[in-house]
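A.B. asks: I'm passing along model00.cif; it holds mmCIF, C-alpha atoms and all ligand atoms.
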```cif
data_model
loop_
_atom_site.label_atom_id
_atom_site.label_comp_id
_atom_site.auth_asym_id
_atom_site.auth_seq_id
_atom_site.Cartn_x
_atom_site.Cartn_y
_atom_site.Cartn_z
CA MET A 1 98.65 114.11 70.06
CA THR A 2 95.91 113.09 72.48
CA PHE A 3 96.66 112.72 76.17
CA ASP A 4 94.72 110.67 78.70
CA LEU A 5 94.60 113.58 81.13
CA LEU A 6 95.57 117.23 80.96
CA VAL A 7 95.73 119.46 84.03
CA LYS A 8 95.70 123.15 83.13
CA ASN A 9 97.12 126.12 85.05
CA ALA A 10 98.64 124.42 88.10
CA THR A 11 101.00 125.87 90.66
CA LEU A 12 103.75 123.42 91.63
CA PRO A 13 105.34 123.00 95.09
CA ASP A 14 108.58 124.57 93.82
CA GLY A 15 106.70 127.80 93.06
CA ARG A 16 106.32 127.50 89.28
CA THR A 17 102.91 128.84 88.22
CA GLY A 18 100.76 128.47 85.11
CA GLN A 19 101.93 124.90 84.46
CA ASP A 20 100.07 122.30 82.43
CA ILE A 21 100.56 118.60 83.22
CA ALA A 22 100.02 116.14 80.37
CA VAL A 23 99.56 112.45 81.16
CA THR A 24 99.71 109.42 78.96
CA GLY A 25 100.04 105.69 79.73
CA GLY A 26 99.97 106.32 83.49
CA ARG A 27 103.01 108.59 83.37
CA ILE A 28 103.62 112.31 83.20
CA ALA A 29 104.46 113.13 79.56
CA ALA A 30 105.22 116.81 80.04
CA ILE A 31 104.97 119.68 82.50
CA GLU A 32 105.15 123.11 80.88
CA PRO A 33 103.00 126.18 80.29
CA GLY A 34 100.45 126.23 77.48
CA ILE A 35 100.24 122.60 76.35
CA ALA A 36 97.78 122.70 73.44
CA ALA A 37 96.47 119.19 72.88
CA GLU A 38 93.36 117.07 73.14
CA ALA A 39 92.88 114.94 76.23
CA GLY A 40 90.40 112.34 77.48
CA ARG A 41 89.85 114.52 80.52
CA VAL A 42 90.86 118.09 81.24
CA ILE A 43 91.06 119.50 84.77
CA ASP A 44 91.34 123.25 85.26
CA ALA A 45 93.49 123.70 88.38
CA GLY A 46 92.67 127.40 88.40
CA GLY A 47 96.13 128.34 89.66
CA LEU A 48 95.88 126.07 92.70
CA LEU A 49 98.59 123.73 93.98
CA VAL A 50 99.24 120.35 92.37
CA ALA A 51 101.60 118.27 94.51
CA PRO A 52 102.91 114.72 94.44
CA PRO A 53 100.83 112.44 96.69
CA PHE A 54 101.21 112.37 100.44
CA VAL A 55 103.37 109.62 101.93
CA ASP A 56 102.98 108.30 105.48
CA CYS A 57 106.28 106.69 106.47
CA HIS A 58 105.17 105.50 109.92
CA PHE A 59 101.83 103.83 110.57
CA HIS A 60 100.19 100.83 112.28
CA MET A 61 97.58 99.47 109.92
CA ASP A 62 96.94 96.32 111.95
CA ALA A 63 95.64 98.45 114.84
CA THR A 64 93.95 101.29 112.98
CA LEU A 65 90.23 101.97 113.47
CA SER A 66 90.14 99.65 116.52
CA LEU A 67 89.44 102.49 118.94
CA GLY A 68 87.55 101.22 122.01
CA LEU A 69 88.33 97.55 121.35
CA PRO A 70 88.30 95.97 123.85
CA ARG A 71 88.41 99.17 125.93
CA LEU A 72 89.80 102.72 125.89
CA ASN A 73 93.28 103.84 126.97
CA GLN A 74 92.63 105.58 130.31
CA SER A 75 96.13 106.88 131.15
CA GLY A 76 96.97 107.98 127.62
CA THR A 77 100.45 106.46 127.92
CA LEU A 78 102.42 104.45 125.37
CA LEU A 79 102.68 101.57 127.86
CA GLU A 80 98.91 101.31 128.47
CA GLY A 81 98.47 101.46 124.68
CA ILE A 82 100.84 98.50 124.25
CA ALA A 83 99.04 96.58 127.04
CA LEU A 84 95.64 97.33 125.47
CA TRP A 85 96.84 96.18 122.05
CA GLY A 86 98.04 93.00 123.79
CA GLU A 87 94.46 92.43 125.02
CA LEU A 88 93.02 93.00 121.56
CA LYS A 89 95.52 90.86 119.60
CA PRO A 90 94.14 87.41 120.55
CA LEU A 91 90.65 88.59 119.56
CA LEU A 92 91.61 89.68 116.03
CA THR A 93 90.32 87.83 113.02
CA HIS A 94 91.87 87.74 109.56
CA GLU A 95 88.77 89.20 107.87
CA GLU A 96 88.43 91.98 110.40
CA VAL A 97 92.05 93.13 110.02
CA ILE A 98 91.74 93.18 106.22
CA GLU A 99 88.41 94.99 106.37
CA ARG A 100 89.74 97.67 108.69
CA ALA A 101 92.88 98.08 106.52
CA LEU A 102 90.85 98.44 103.33
CA ARG A 103 88.47 100.89 105.00
CA TYR A 104 91.43 102.92 106.23
CA CYS A 105 92.96 102.92 102.72
CA ASP A 106 89.69 104.32 101.32
CA LEU A 107 90.06 107.23 103.71
CA ALA A 108 93.77 107.58 102.87
CA VAL A 109 93.07 107.76 99.13
CA SER A 110 90.40 110.41 99.69
CA GLN A 111 93.09 112.47 101.47
CA GLY A 112 95.64 112.06 98.68
CA LEU A 113 97.71 109.66 100.79
CA LEU A 114 98.92 107.05 98.29
CA ALA A 115 101.92 105.42 100.02
CA VAL A 116 102.12 104.07 103.56
CA ARG A 117 104.88 102.30 105.51
CA SER A 118 103.04 100.28 108.13
CA HIS A 119 104.58 98.36 110.98
CA VAL A 120 102.87 95.02 111.56
CA ASP A 121 103.10 93.26 114.90
CA VAL A 122 104.82 89.85 114.63
CA CYS A 123 104.41 88.84 118.30
CA ASP A 124 101.19 86.90 117.73
CA ASP A 125 102.36 83.36 116.92
CA ARG A 126 99.53 83.01 114.41
CA LEU A 127 101.03 85.90 112.39
CA LEU A 128 97.43 86.67 111.60
CA ALA A 129 97.98 90.40 111.11
CA VAL A 130 101.00 89.70 108.86
CA GLU A 131 98.95 87.44 106.61
CA ALA A 132 96.04 89.88 106.58
CA LEU A 133 98.16 92.93 105.74
CA LEU A 134 100.08 91.05 103.03
CA GLU A 135 96.70 90.29 101.49
CA ALA A 136 95.57 93.90 101.94
CA LYS A 137 98.82 95.09 100.35
CA ALA A 138 98.09 93.10 97.19
CA LYS A 139 94.46 94.30 97.14
CA VAL A 140 95.30 98.02 97.40
CA LYS A 141 98.31 97.89 95.08
CA PRO A 142 96.48 99.51 92.13
CA TYR A 143 95.85 102.65 94.18
CA LEU A 144 98.13 102.66 97.23
CA ASP A 145 101.70 101.49 97.87
CA LEU A 146 101.78 99.66 101.20
CA GLN A 147 105.22 98.81 102.59
CA LEU A 148 105.30 96.53 105.64
CA VAL A 149 107.74 96.45 108.56
CA ALA A 150 108.10 93.30 110.72
CA PHE A 151 107.58 94.83 114.14
CA PRO A 152 108.16 92.84 117.36
CA GLN A 153 105.85 95.05 119.46
CA ASP A 154 106.45 93.12 122.69
CA GLY A 155 110.26 93.20 122.30
CA TYR A 156 112.59 91.17 120.09
CA PHE A 157 114.18 89.52 123.16
CA ARG A 158 111.43 90.24 125.71
CA ALA A 159 108.77 88.22 123.84
CA PRO A 160 109.85 84.58 123.72
CA THR A 161 108.84 83.85 120.11
CA ALA A 162 109.44 87.28 118.58
CA ALA A 163 112.82 86.46 116.99
CA ARG A 164 111.48 83.38 115.25
CA ASN A 165 108.28 85.16 114.19
CA LEU A 166 110.21 88.10 112.78
CA ASP A 167 112.17 85.74 110.54
CA ARG A 168 108.95 83.99 109.49
CA ALA A 169 107.32 87.34 108.63
CA LEU A 170 110.31 88.36 106.49
CA ASP A 171 110.20 84.97 104.77
CA MET A 172 106.52 85.59 104.02
CA GLY A 173 107.39 88.80 102.17
CA VAL A 174 107.34 91.59 104.74
CA ASP A 175 109.63 94.31 103.37
CA VAL A 176 111.46 95.96 106.26
CA VAL A 177 113.07 94.91 109.59
CA GLY A 178 111.56 96.56 112.70
CA GLY A 179 112.27 96.63 116.42
CA ILE A 180 111.61 98.41 119.71
CA PRO A 181 114.84 98.52 121.74
CA HIS A 182 113.50 100.81 124.50
CA PHE A 183 110.84 98.20 125.35
CA GLU A 184 113.37 95.44 126.05
CA ARG A 185 113.94 94.67 129.76
CA THR A 186 117.36 96.33 130.04
CA MET A 187 119.44 98.89 128.17
CA ALA A 188 121.87 96.06 127.35
CA ASP A 189 119.08 93.94 125.84
CA GLY A 190 117.89 96.98 123.87
CA ALA A 191 121.35 97.56 122.42
CA ALA A 192 121.75 93.84 121.67
CA SER A 193 118.40 93.84 119.86
CA VAL A 194 119.55 96.74 117.66
CA THR A 195 122.70 94.78 116.73
CA ALA A 196 120.75 91.59 116.02
CA LEU A 197 118.16 93.40 113.89
CA CYS A 198 120.77 95.36 111.92
CA GLU A 199 122.56 92.09 111.18
CA ILE A 200 119.32 90.58 109.88
CA ALA A 201 118.76 93.61 107.63
CA ALA A 202 122.34 93.42 106.33
CA LYS A 203 122.15 89.66 105.72
CA ARG A 204 118.83 89.89 103.90
CA GLY A 205 119.64 93.14 102.05
CA LEU A 206 116.61 94.89 103.57
CA MET A 207 115.83 98.30 105.00
CA ILE A 208 115.55 98.70 108.77
CA ASP A 209 113.17 101.01 110.67
CA LEU A 210 113.21 100.80 114.45
CA HIS A 211 110.84 102.33 116.98
CA CYS A 212 113.77 103.90 118.77
CA ASP A 213 113.91 105.68 122.13
CA GLU A 214 110.20 106.51 122.25
CA SER A 215 110.70 107.55 125.83
CA ASP A 216 111.25 110.63 127.98
CA ASP A 217 114.32 108.98 129.51
CA PRO A 218 117.37 110.97 128.35
CA MET A 219 119.51 107.86 128.93
CA SER A 220 117.57 105.91 126.28
CA ARG A 221 120.34 106.07 123.67
CA HIS A 222 119.63 103.21 121.29
CA ILE A 223 119.87 105.61 118.37
CA GLU A 224 123.61 105.72 119.04
CA THR A 225 123.83 101.93 118.63
CA LEU A 226 121.60 102.07 115.55
CA ALA A 227 123.88 104.66 113.93
CA ALA A 228 127.06 102.75 114.86
CA GLU A 229 125.68 99.43 113.58
CA THR A 230 124.40 101.13 110.41
CA GLN A 231 127.93 102.34 109.80
CA ARG A 232 129.57 99.01 110.66
CA LEU A 233 127.24 96.98 108.43
CA GLY A 234 126.97 99.44 105.54
CA LEU A 235 123.24 100.07 106.01
CA GLY A 236 123.57 103.80 105.31
CA GLY A 237 120.62 105.22 103.37
CA ARG A 238 118.30 102.38 104.36
CA ALA A 239 118.19 102.75 108.15
CA VAL A 240 115.63 104.78 110.07
CA GLY A 241 115.18 105.71 113.71
CA SER A 242 111.47 106.34 114.33
CA HIS A 243 110.27 108.61 117.16
CA LEU A 244 113.65 109.38 118.85
CA THR A 245 111.76 111.31 121.53
CA SER A 246 114.34 110.75 124.27
CA MET A 247 116.54 113.14 122.28
CA HIS A 248 114.20 115.93 123.44
CA SER A 249 115.42 115.35 126.99
CA MET A 250 119.06 114.51 126.32
CA ASP A 251 122.04 116.56 127.42
CA ASN A 252 123.08 119.05 124.72
CA TYR A 253 126.72 117.99 124.75
CA TYR A 254 125.79 114.36 124.14
CA VAL A 255 123.51 115.35 121.24
CA SER A 256 126.36 117.39 119.71
CA LYS A 257 128.24 114.09 119.35
CA LEU A 258 125.23 111.98 118.42
CA LEU A 259 123.89 113.95 115.45
CA PRO A 260 127.14 113.96 113.44
CA LEU A 261 127.31 110.18 113.97
CA MET A 262 123.77 109.82 112.57
CA ARG A 263 124.71 111.95 109.56
CA GLU A 264 127.93 110.04 108.87
CA ALA A 265 126.17 106.70 109.23
CA GLY A 266 123.29 107.70 106.93
CA VAL A 267 120.44 107.17 109.40
CA ALA A 268 117.18 109.02 108.70
CA ALA A 269 114.72 110.12 111.37
CA ILE A 270 110.94 109.91 111.46
CA ALA A 271 109.03 112.06 113.94
CA ASN A 272 105.37 111.47 114.71
CA PRO A 273 104.07 114.80 116.01
CA LEU A 274 100.40 113.92 116.56
CA ILE A 275 101.28 110.95 118.72
CA ASN A 276 104.33 112.13 120.61
CA ILE A 277 102.86 115.52 121.58
CA THR A 278 100.15 113.48 123.32
CA LEU A 279 102.11 110.44 124.61
CA GLN A 280 105.25 112.11 125.93
CA GLY A 281 105.61 113.96 129.19
CA ARG A 282 102.91 111.89 130.88
CA HIS A 283 105.08 111.32 133.95
CA ASP A 284 105.90 115.02 134.24
CA THR A 285 104.15 117.46 136.53
CA TYR A 286 104.98 120.98 135.29
CA PRO A 287 106.78 122.10 133.24
CA ARG A 288 105.68 119.31 130.92
CA ARG A 289 108.00 118.25 128.12
CA ARG A 290 106.83 118.25 124.50
CA GLY A 291 108.79 115.13 123.70
CA LEU A 292 109.45 115.69 120.01
CA THR A 293 112.87 114.87 118.66
CA ARG A 294 115.34 117.61 117.61
CA ILE A 295 114.15 118.30 114.10
CA PRO A 296 115.68 121.74 113.34
CA GLU A 297 119.09 120.54 114.55
CA MET A 298 118.92 117.38 112.42
CA ARG A 299 117.81 119.37 109.39
CA ALA A 300 120.69 121.81 109.87
CA LEU A 301 123.12 118.89 109.65
CA GLY A 302 121.46 117.40 106.57
CA ILE A 303 119.98 114.34 108.30
CA PRO A 304 116.80 113.33 106.42
CA VAL A 305 113.75 113.89 108.65
CA ALA A 306 110.17 113.01 107.77
CA PHE A 307 106.85 113.20 109.59
CA GLY A 308 104.74 110.09 110.10
CA GLN A 309 101.18 109.76 111.29
CA ASP A 310 101.70 106.63 113.46
CA CYS A 311 98.07 106.12 114.53
CA THR A 312 94.47 106.79 113.59
CA MET A 313 91.79 105.77 116.11
CA ASP A 314 93.66 102.95 117.84
CA PRO A 315 94.87 102.02 121.38
CA TRP A 316 97.41 104.88 121.34
CA TYR A 317 95.48 107.73 119.73
CA GLY A 318 91.75 108.33 119.50
CA LEU A 319 91.87 111.01 116.80
CA GLY A 320 93.47 111.13 113.34
CA GLY A 321 92.06 110.78 109.85
CA ALA A 322 94.74 109.84 107.31
CA ASP A 323 95.43 113.55 106.88
CA MET A 324 99.16 114.15 106.45
CA LEU A 325 98.58 117.91 106.41
CA ASP A 326 97.22 117.55 109.93
CA VAL A 327 100.51 115.83 110.81
CA ALA A 328 102.60 118.59 109.22
CA HIS A 329 100.46 121.24 110.92
CA MET A 330 101.01 119.63 114.34
CA GLY A 331 104.74 119.30 113.61
CA VAL A 332 105.01 123.04 112.93
CA HIS A 333 103.33 123.78 116.28
CA ALA A 334 104.84 121.10 118.47
CA VAL A 335 108.51 121.47 117.49
CA PRO A 336 107.90 124.54 117.12
CA MET A 337 109.21 125.71 113.73
CA THR A 338 107.26 128.63 112.33
CA SER A 339 109.53 130.32 109.76
CA ARG A 340 108.14 130.37 106.22
CA GLU A 341 111.05 128.16 105.17
CA ALA A 342 110.29 125.64 107.92
CA ILE A 343 106.56 125.47 107.13
CA ARG A 344 107.40 124.90 103.47
CA TRP A 345 109.74 122.12 104.60
CA ALA A 346 106.94 120.58 106.71
CA PHE A 347 105.08 119.97 103.45
CA GLU A 348 108.15 118.16 102.07
CA ALA A 349 108.30 116.13 105.30
CA VAL A 350 104.98 114.47 104.33
CA THR A 351 105.69 114.17 100.58
CA THR A 352 109.16 114.04 98.99
CA VAL A 353 111.27 113.22 102.07
CA PRO A 354 109.28 110.12 103.12
CA ALA A 355 109.03 109.06 99.46
CA ALA A 356 112.83 108.93 99.40
CA ILE A 357 112.96 107.04 102.72
CA LEU A 358 110.54 104.42 101.38
CA GLY A 359 112.49 104.24 98.11
CA LEU A 360 109.35 104.84 96.01
CA GLU A 361 110.10 104.46 92.31
CA GLY A 362 108.74 107.00 89.82
CA TYR A 363 107.62 109.39 92.55
CA GLY A 364 107.59 113.12 91.79
CA LEU A 365 106.29 115.83 89.51
CA ALA A 366 108.45 115.59 86.38
CA ALA A 367 108.20 114.13 82.90
CA GLY A 368 108.63 110.35 83.13
CA CYS A 369 107.36 110.04 86.71
CA ASN A 370 104.22 108.13 87.61
CA ALA A 371 101.14 110.27 86.98
CA ASP A 372 100.28 110.38 90.69
CA PHE A 373 99.35 113.76 92.15
CA VAL A 374 96.89 115.75 94.21
CA LEU A 375 95.09 119.00 93.42
CA LEU A 376 94.70 120.98 96.63
CA GLN A 377 92.41 123.89 97.48
CA ALA A 378 95.43 126.01 98.37
CA ALA A 379 97.76 128.33 96.52
CA ASP A 380 101.07 126.86 97.70
CA PRO A 381 102.60 124.40 100.22
CA ILE A 382 102.51 126.84 103.16
CA GLU A 383 98.86 127.56 102.48
CA ALA A 384 98.18 123.82 102.21
CA VAL A 385 99.61 123.31 105.71
CA ARG A 386 97.82 126.36 107.11
CA LEU A 387 94.44 125.28 105.74
CA ARG A 388 94.93 121.52 105.92
CA ALA A 389 93.55 122.01 102.45
CA THR A 390 90.76 120.06 100.79
CA ARG A 391 91.97 117.48 98.26
CA LEU A 392 89.94 118.51 95.23
CA ALA A 393 91.24 115.68 93.03
CA VAL A 394 93.52 112.69 93.62
CA VAL A 395 95.16 111.12 90.57
CA ARG A 396 96.82 107.70 90.45
CA ARG A 397 98.56 106.56 87.25
CA GLY A 398 96.66 109.20 85.31
CA ARG A 399 93.21 108.29 86.62
CA VAL A 400 91.16 110.46 88.99
CA ILE A 401 90.45 108.12 91.92
CA ALA A 402 89.00 110.57 94.44
CA GLU A 403 87.33 113.97 94.28
CA THR A 404 86.09 116.31 96.99
CA ALA A 405 83.98 119.42 96.48
CA PRO A 406 85.78 122.65 97.35
CA ARG A 407 85.21 123.99 100.86
CA HIS A 408 83.19 127.20 100.62
CA ALA A 409 80.82 128.81 103.05
CA ARG A 410 77.78 130.89 102.18
CA LEU A 411 77.39 134.04 104.24
CA THR A 412 74.14 135.88 104.85
CA LEU A 413 75.49 139.14 106.24
CA ASP A 414 74.27 142.49 104.94
CA GLY A 415 76.96 144.27 102.99
CA ARG A 416 79.46 141.39 103.20
CA PRO A 417 80.43 138.86 100.51
CA ALA A 418 78.04 136.01 99.84
CA LEU A 419 80.77 133.38 99.66
CA VAL A 420 83.86 132.65 101.78
CA ASP A 421 86.66 130.65 100.18
CA PRO A 422 89.33 129.87 102.82
CA ALA A 423 91.99 129.55 100.11
CA ALA A 424 91.34 133.15 99.04
CA TYR A 425 92.84 134.38 102.34
CA ARG A 426 96.41 133.72 101.19
CA PRO A 427 98.99 136.43 101.81
CA PRO A 428 99.70 138.80 98.92
CA VAL A 429 101.96 137.28 96.26
CA GLY A 430 105.58 137.94 97.17
CA LYS A 431 104.88 137.79 100.92
CA ASN A 432 104.91 134.03 101.07
ZN ZN B 1 104.79 103.36 115.71
#
```
As structure tokens, please, write out the structure in this file.
C.D. replies:
Amino acid sequence: MTFDLLVKNATLPDGRTGQDIAVTGGRIAAIEPGIAAEAGRVIDAGGLLVAPPFVDCHFHMDATLSLGLPRLNQSGTLLEGIALWGELKPLLTHEEVIERALRYCDLAVSQGLLAVRSHVDVCDDRLLAVEALLEAKAKVKPYLDLQLVAFPQDGYFRAPTAARNLDRALDMGVDVVGGIPHFERTMADGAASVTALCEIAAKRGLMIDLHCDESDDPMSRHIETLAAETQRLGLGGRAVGSHLTSMHSMDNYYVSKLLPLMREAGVAAIANPLINITLQGRHDTYPRRRGLTRIPEMRALGIPVAFGQDCTMDPWYGLGGADMLDVAHMGVHAVPMTSREAIRWAFEAVTTVPAAILGLEGYGLAAGCNADFVLLQAADPIEAVRLRATRLAVVRRGRVIAETAPRHARLTLDGRPALVDPAAYRPPVGKN
């Protein structure tokens, strides 16, 4: 038997060590210790972690890498970001949006990020970004799964042509229904937009993912309507509330009613730690709120929670780099959630949990799954988060599509080691 690819001596996220991964025909043929067979290419993992690829379940690919165009966000607020994006939108060209998307995907692949759910603004009557990202989606398909959400950035009711454009975008092949109820003019309009959008998702048999309550206002409670409408229309398992930052500031008694409703309805949550630790609390003096949603409490109830990146170098966020370990690392700090169990979960929140939310087929490390995985310069998932580990090799359908040299430093100190390997600083086995 000859395999296309054989990875030797890998550690898996579930803790199994000394595993070999054999690949044939773009799929994983076997994962077990000591596979003795020929292969077109053999990679010695050297006991390091091999994980399924990173998944970003919340992103804005139409805006990415536009930092400084046409100017910078001075206040750092969500609302100035939306206004700035509104200034940039009429200036966009089809070629430029595709080029920026492709360039971003190059970076994503190099970071082992092989699936992205991107919102795409439908409030430009030209639907230029929709056309461009649909084209980009087809172009990157061999190496990255791009799922698109029809997103009425300026409000489904607030922007006069948003409703019509959203339908047009879905007709053109955009995958998921989006919305932004907290940006409508009134709470009543926000709630009505949630109902209208859920009905569209139900009628078309699509998933729904709303920017929901991205606000410090504890009375922003559109997640309640989203959960109730999800239940009424049978959208359980395919409905997502993104951000949910108002929940940070809500009354505890109200949340004790809200979370069980979310669980019963089957609504998942996506938190975006890099963005909301910087956007929220901007109207506060001191103490200043963190503005992340209630992740430990949702996890305790069994509500699926994932981490998204949201932005990289755009009107809302000047940093970022397609690094989902950076996102997990910030999540651990910003929530905060520092138990070993919670840090291990943070790794799942950027891999398996968002893969399930997106409904990715063939995702995972098991025989029969797509041969998509990442070799990290880290011993295990906690170490990967701690180090924001280098992606030594990225494999898609059995082919190595990106490689990075290991991060080592040479020391010139008398009596000290000549080489420093950050991954060698792991805690003793059994302490992790
Ligand atoms: Zn967003």
A.B. asks: Identify, on the basis of all atoms listed in the file, every residue whose closest approach to Pro218 in chain A does not exceed 7 Å; exclude the query and any residue fewer than 5 positions from it along the same chain; express the result as an mmCIF file with C-alpha atoms, in the coordinates of the input.
C.D. replies:
```cif
data_model
loop_
_atom_site.group_PDB
_atom_site.id
_atom_site.type_symbol
_atom_site.label_atom_id
_atom_site.label_comp_id
_atom_site.auth_asym_id
_atom_site.auth_seq_id
_atom_site.Cartn_x
_atom_site.Cartn_y
_atom_site.Cartn_z
ATOM 1 C CA SER A 246 114.340 110.750 124.270
ATOM 2 C CA MET A 247 116.540 113.140 122.280
ATOM 3 C CA SER A 249 115.420 115.350 126.990
ATOM 4 C CA MET A 250 119.060 114.510 126.320
#
```
A.B. asks: Given all atoms listed in the file, how would the per-residue table for chain A near ligand ZN 1 (chain B) read, listing every residue at most 7 Å away with its closest atom pair and distance in Å to one decimal, sorted by chain and number, as a Markdown table?
C.D. replies:
```
| residue | atom | partner | partner_atom | distance |
| --- | --- | --- | --- | --- |
| A:His58 | CA | B:ZN1 | ZN | 6.2 |
| A:Phe59 | CA | B:ZN1 | ZN | 5.9 |
| A:His60 | CA | B:ZN1 | ZN | 6.3 |
| A:His119 | CA | B:ZN1 | ZN | 6.9 |
| A:His211 | CA | B:ZN1 | ZN | 6.3 |
| A:Asp310 | CA | B:ZN1 | ZN | 5.0 |
```
A.B. asks: Identify, on the basis of all atoms listed in the file, every residue whose closest approach to Ala132 in chain A does not exceed 12 Å; exclude the query and any residue fewer than 3 positions from it along the same chain; express the result as a compact mmCIF listing (two decimals) with C-alpha atoms, keeping the file's coordinate frame.
C.D. replies:
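And here's around11.txt as it stands now:
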```txt
# COMPACT_ATOMS: atom_id res chain seq x y z
CA MET A 61 97.58 99.47 109.92
CA ASP A 62 96.94 96.32 111.95
CA ALA A 63 95.64 98.45 114.84
CA LEU A 92 91.61 89.68 116.03
CA THR A 93 90.32 87.83 113.02
CA HIS A 94 91.87 87.74 109.56
CA GLU A 95 88.77 89.20 107.87
CA GLU A 96 88.43 91.98 110.40
CA VAL A 97 92.05 93.13 110.02
CA ILE A 98 91.74 93.18 106.22
CA GLU A 99 88.41 94.99 106.37
CA ARG A 100 89.74 97.67 108.69
CA ALA A 101 92.88 98.08 106.52
CA LEU A 102 90.85 98.44 103.33
CA VAL A 120 102.87 95.02 111.56
CA ASP A 121 103.10 93.26 114.90
CA VAL A 122 104.82 89.85 114.63
CA ARG A 126 99.53 83.01 114.41
CA LEU A 127 101.03 85.90 112.39
CA LEU A 128 97.43 86.67 111.60
CA ALA A 129 97.98 90.40 111.11
CA GLU A 135 96.70 90.29 101.49
CA ALA A 136 95.57 93.90 101.94
CA LYS A 137 98.82 95.09 100.35
CA ALA A 138 98.09 93.10 97.19
CA LYS A 139 94.46 94.30 97.14
CA LEU A 148 105.30 96.53 105.64
CA ALA A 169 107.32 87.34 108.63
CA MET A 172 106.52 85.59 104.02
CA VAL A 174 107.34 91.59 104.74
```
A.B. asks: Point out the residue among A:Val7, A:Val50, A:Leu244, A:Ile21 with the least atom-to-atom distance to Gly368 in chain A, counting only C-alpha atoms.
C.D. replies: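 Answer, going by the shortest atom-to-atom distance: A:Ile21.
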A.B. asks: Please report the interatomic distance between CA of Leu259 in chain A and CA of Arg238 in chain A in Å with one decimal.
C.D. replies: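 Going from CA of Leu259 in chain A over to CA of Arg238 in chain A, I get 17.0 Å.
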A.B. asks: For Gly241 in chain A, which residue out of A:Pro296, A:Gly321, A:Gly266, A:Pro417 is the nearest one, using only C-alpha atoms?
C.D. replies: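 Closest to Gly241 in chain A, using only C-alpha atoms: A:Gly266.
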A.B. asks: Quick one: of A:Ala115, A:Cys212, A:Met1, A:Leu48, who's nearest to Ala36 in chain A, counting all atoms listed in the file?
C.D. replies: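 Using all atoms listed in the file, the shortest distance to Ala36 in chain A belongs to A:Met1.
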A.B. asks: Please, what distance in Å, to one decimal, runs between CA of Val116 in chain A and CA of Leu146 in chain A?
C.D. replies: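 Taking CA of Val116 in chain A as the start and CA of Leu146 in chain A as the end point, the length is 5.0 Å.
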